[in-house]
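**Q** Following this message is one structure expressed as structure tokens.
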Amino acid sequence: MPPRKIIIDTDPGQDDAVAILLALASPEDIDLLGITAVAGNVPLELTQKNARIVCELAGRPDAKVFAGCDAPMKRKLITAEHVHGKTGLDGPVMEDPTMPLQEKHGVDFIIETLRAEPPGTVTLCPIGPLTNIATAFQRAPDIVDRVQEIVLMGGAYFEVGNITPSAEFNIYVDPEAAKIVFGAGVPLTVMPLDVTHKALTTKPRIDAFRSMHSRVGDMVAEWTDFFERFDMEKYGSEGAPLHDPCTIAYLIEPQLFQGRQINVEIETQSDLTLGMTVADWWRVTDRAANAMFMKDIDASGFYALLAARLARL
């Protein structure tokens, strides 16, 4: 099988950074056509900068990074510096990138790429709010049927919310965008908190990164050291979930994950449950399935894949 062509749509974020590194470390599986930044964990000025920092860390200044939307479609931006720090990549000291930001808008890049590549050959991997993807779909409806699959990190069911009692952060930031994407009819695979909260860092797993004795290994270890303190205090867990790399891991080793094809709707009206992913896990409605909603992960296999691939960089 040839490498899978993907666009990563992202708001780095330490776990976003690990997802980008995993993709760049896996050329036999992943053909990364470009990275589009979106406002989310931190504002767009920082997310596009952080994406370039990560590409340079991986030794890939040739990777194309585009700045996309700087605010949700209909709402004020909500950010997550309380988790990721003021830069989004707090922890180790990071030098400013020297590689250029592409001049083209990220949404235009998504549209033009899907029109240029053969239909059904480009997978979109959104690991932040879905603003860029939904905007592209609204602006160019002809591209929707050309998408091979969307593999996203977002939502929750059994694990409920991490930014409100009922909503996961990525969906909550731009629920209108999520509603468009989940209703688009594109084959959709969802990595919710139900999966990512089972992919926890532990001391041995972080030590595996540090034992690489490489700049990448040291950075990943320091990032996880930094942001796990928030989740450990919040959940009382032994570590922090590496949310976003689950999407890239699925593209490389889908057998690491198990889920169910179900209907998922996005709440956009209620103040109480805004951004909730209403997942019909038990199929108690007659609404048609629109997503493969993952629930379980082989966490040991996931971390083994991460360690093996990141050691290449």
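Within each chain, counting starts at residue 1; across the structure tokens, chains are named A, B, ... in the order shown, with ligands numbered 1 upward in that order.
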Do you know which residues are at most 10 Å from segment 134-146 of chain A counting only C-alpha atoms, after dropping those on the same chain fewer than 4 positions away, and could you put them as a ChimeraX atom specification?
**A** /A:68-69,72-73,106-123,129-130,174,176-182,184-187
**Q** So that I have them on file, write out the residues from the current selection with C-alpha atoms, as an mmCIF file, in the first residue's frame.
**A**
data_model
loop_
_atom_site.group_PDB
_atom_site.id
_atom_site.type_symbol
_atom_site.label_atom_id
_atom_site.label_comp_id
_atom_site.auth_asym_id
_atom_site.auth_seq_id
_atom_site.Cartn_x
_atom_site.Cartn_y
_atom_site.Cartn_z
ATOM 1 C CA GLY A 68 -6.102 29.055 8.876
ATOM 2 C CA CYS A 69 -9.001 30.531 10.830
ATOM 3 C CA PRO A 72 -14.632 29.980 15.603
ATOM 4 C CA MET A 73 -17.386 30.369 13.019
ATOM 5 C CA GLY A 106 -5.099 27.158 5.318
ATOM 6 C CA VAL A 107 -8.709 26.834 4.147
ATOM 7 C CA ASP A 108 -7.651 27.605 0.563
ATOM 8 C CA PHE A 109 -4.933 24.960 0.834
ATOM 9 C CA ILE A 110 -7.464 22.342 1.954
ATOM 10 C CA ILE A 111 -9.828 23.231 -0.889
ATOM 11 C CA GLU A 112 -7.164 23.346 -3.595
ATOM 12 C CA THR A 113 -5.523 20.122 -2.438
ATOM 13 C CA LEU A 114 -8.783 18.168 -2.433
ATOM 14 C CA ARG A 115 -9.578 19.469 -5.916
ATOM 15 C CA ALA A 116 -6.125 18.644 -7.244
ATOM 16 C CA GLU A 117 -5.702 15.133 -5.831
ATOM 17 C CA PRO A 118 -7.730 12.190 -7.194
ATOM 18 C CA PRO A 119 -11.089 11.783 -5.420
ATOM 19 C CA GLY A 120 -10.960 9.567 -2.348
ATOM 20 C CA THR A 121 -7.200 9.817 -1.837
ATOM 21 C CA VAL A 122 -6.815 12.541 0.847
ATOM 22 C CA THR A 123 -7.591 12.011 4.515
ATOM 23 C CA PRO A 129 -11.413 22.760 16.696
ATOM 24 C CA LEU A 130 -13.053 21.966 13.352
ATOM 25 C CA ASP A 174 -16.549 25.579 17.696
ATOM 26 C CA GLU A 176 -21.208 24.919 14.809
ATOM 27 C CA ALA A 177 -18.172 23.779 12.827
ATOM 28 C CA ALA A 178 -18.385 20.317 14.411
ATOM 29 C CA LYS A 179 -22.058 20.085 13.473
ATOM 30 C CA ILE A 180 -21.188 20.795 9.828
ATOM 31 C CA VAL A 181 -18.400 18.209 9.767
ATOM 32 C CA PHE A 182 -20.365 15.468 11.522
ATOM 33 C CA ALA A 184 -21.266 16.217 5.954
ATOM 34 C CA GLY A 185 -21.604 12.536 5.079
ATOM 35 C CA VAL A 186 -17.829 11.983 4.885
ATOM 36 C CA PRO A 187 -16.532 8.694 6.338
#
**Q** What residues in segment 39-214 of chain A get the DSSP label strand (DSSP E)? Please answer as a VMD selection string.
**A** chain A and resid 65 to 67 122 to 126 147 to 153 188 to 191
**Q** Would you mind exporting the chosen residues as a PDB file, in the first residue's frame, restricted to N, CA and C atoms?
**A**
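Result file is again37.pdb:
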ATOM      1  N   VAL A  65       3.385  24.578   6.174  1.00  0.00           N
ATOM      2  CA  VAL A  65       2.494  24.973   7.262  1.00  0.00           C
ATOM      3  C   VAL A  65       1.718  26.211   6.833  1.00  0.00           C
ATOM      4  N   PHE A  66       0.412  26.158   7.010  1.00  0.00           N
ATOM      5  CA  PHE A  66      -0.480  27.237   6.607  1.00  0.00           C
ATOM      6  C   PHE A  66      -1.269  27.727   7.815  1.00  0.00           C
ATOM      7  N   ALA A  67      -1.483  29.027   7.897  1.00  0.00           N
ATOM      8  CA  ALA A  67      -2.351  29.592   8.928  1.00  0.00           C
ATOM      9  C   ALA A  67      -3.783  29.605   8.418  1.00  0.00           C
ATOM     10  N   VAL A 122      -7.348  11.650  -0.196  1.00  0.00           N
ATOM     11  CA  VAL A 122      -6.815  12.541   0.847  1.00  0.00           C
ATOM     12  C   VAL A 122      -7.649  12.395   2.111  1.00  0.00           C
ATOM     13  N   THR A 123      -6.964  12.104   3.209  1.00  0.00           N
ATOM     14  CA  THR A 123      -7.591  12.011   4.515  1.00  0.00           C
ATOM     15  C   THR A 123      -7.309  13.280   5.310  1.00  0.00           C
ATOM     16  N   LEU A 124      -8.335  13.817   5.944  1.00  0.00           N
ATOM     17  CA  LEU A 124      -8.182  14.983   6.804  1.00  0.00           C
ATOM     18  C   LEU A 124      -8.063  14.517   8.255  1.00  0.00           C
ATOM     19  N   CYS A 125      -7.076  15.052   8.967  1.00  0.00           N
ATOM     20  CA  CYS A 125      -6.845  14.678  10.362  1.00  0.00           C
ATOM     21  C   CYS A 125      -6.931  15.923  11.242  1.00  0.00           C
ATOM     22  N   PRO A 126      -8.128  16.331  11.618  1.00  0.00           N
ATOM     23  CA  PRO A 126      -8.278  17.483  12.507  1.00  0.00           C
ATOM     24  C   PRO A 126      -8.049  17.068  13.954  1.00  0.00           C
ATOM     25  N   VAL A 147     -13.196  13.750  -0.178  1.00  0.00           N
ATOM     26  CA  VAL A 147     -12.426  13.367   1.010  1.00  0.00           C
ATOM     27  C   VAL A 147     -12.480  11.857   1.203  1.00  0.00           C
ATOM     28  N   GLN A 148     -11.332  11.234   1.407  1.00  0.00           N
ATOM     29  CA  GLN A 148     -11.290   9.790   1.658  1.00  0.00           C
ATOM     30  C   GLN A 148     -11.907   9.462   3.006  1.00  0.00           C
ATOM     31  N   GLU A 149     -11.481  10.204   4.037  1.00  0.00           N
ATOM     32  CA  GLU A 149     -11.938   9.956   5.407  1.00  0.00           C
ATOM     33  C   GLU A 149     -11.517  11.142   6.257  1.00  0.00           C
ATOM     34  N   ILE A 150     -12.253  11.380   7.310  1.00  0.00           N
ATOM     35  CA  ILE A 150     -11.830  12.305   8.352  1.00  0.00           C
ATOM     36  C   ILE A 150     -11.556  11.486   9.601  1.00  0.00           C
ATOM     37  N   VAL A 151     -10.356  11.618  10.147  1.00  0.00           N
ATOM     38  CA  VAL A 151      -9.983  10.960  11.406  1.00  0.00           C
ATOM     39  C   VAL A 151      -9.665  12.081  12.386  1.00  0.00           C
ATOM     40  N   LEU A 152     -10.525  12.269  13.368  1.00  0.00           N
ATOM     41  CA  LEU A 152     -10.392  13.430  14.235  1.00  0.00           C
ATOM     42  C   LEU A 152     -10.282  13.040  15.703  1.00  0.00           C
ATOM     43  N   MET A 153      -9.676  13.947  16.470  1.00  0.00           N
ATOM     44  CA  MET A 153      -9.710  13.827  17.919  1.00  0.00           C
ATOM     45  C   MET A 153     -10.723  14.834  18.431  1.00  0.00           C
ATOM     46  N   LEU A 188     -16.170   9.035   8.709  1.00  0.00           N
ATOM     47  CA  LEU A 188     -15.672   9.752   9.869  1.00  0.00           C
ATOM     48  C   LEU A 188     -15.261   8.775  10.957  1.00  0.00           C
ATOM     49  N   THR A 189     -14.025   8.919  11.438  1.00  0.00           N
ATOM     50  CA  THR A 189     -13.547   8.139  12.569  1.00  0.00           C
ATOM     51  C   THR A 189     -13.197   9.101  13.694  1.00  0.00           C
ATOM     52  N   VAL A 190     -13.753   8.842  14.873  1.00  0.00           N
ATOM     53  CA  VAL A 190     -13.644   9.765  16.007  1.00  0.00           C
ATOM     54  C   VAL A 190     -12.827   9.126  17.121  1.00  0.00           C
ATOM     55  N   MET A 191     -11.807   9.858  17.577  1.00  0.00           N
ATOM     56  CA  MET A 191     -11.038   9.468  18.760  1.00  0.00           C
ATOM     57  C   MET A 191     -11.479  10.352  19.918  1.00  0.00           C
TER      58      MET A 191
END
**Q** For a quick check of understanding, using only C-alpha atoms, which of A:Ile78, A:Ile206, A:Leu101, A:Leu33 has the smallest distance to Val173 of chain A?
**A** A:Ile78
**Q** Could you check the closest approach to Ala17 of chain A for each of A:Ala51, A:Cys246, A:Val284, A:Met1 and tell me which residue wins, using only C-alpha atoms?
**A**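 Ranking A:Ala51, A:Cys246, A:Val284, A:Met1 by distance to Ala17 of chain A, first place goes to A:Ala51.
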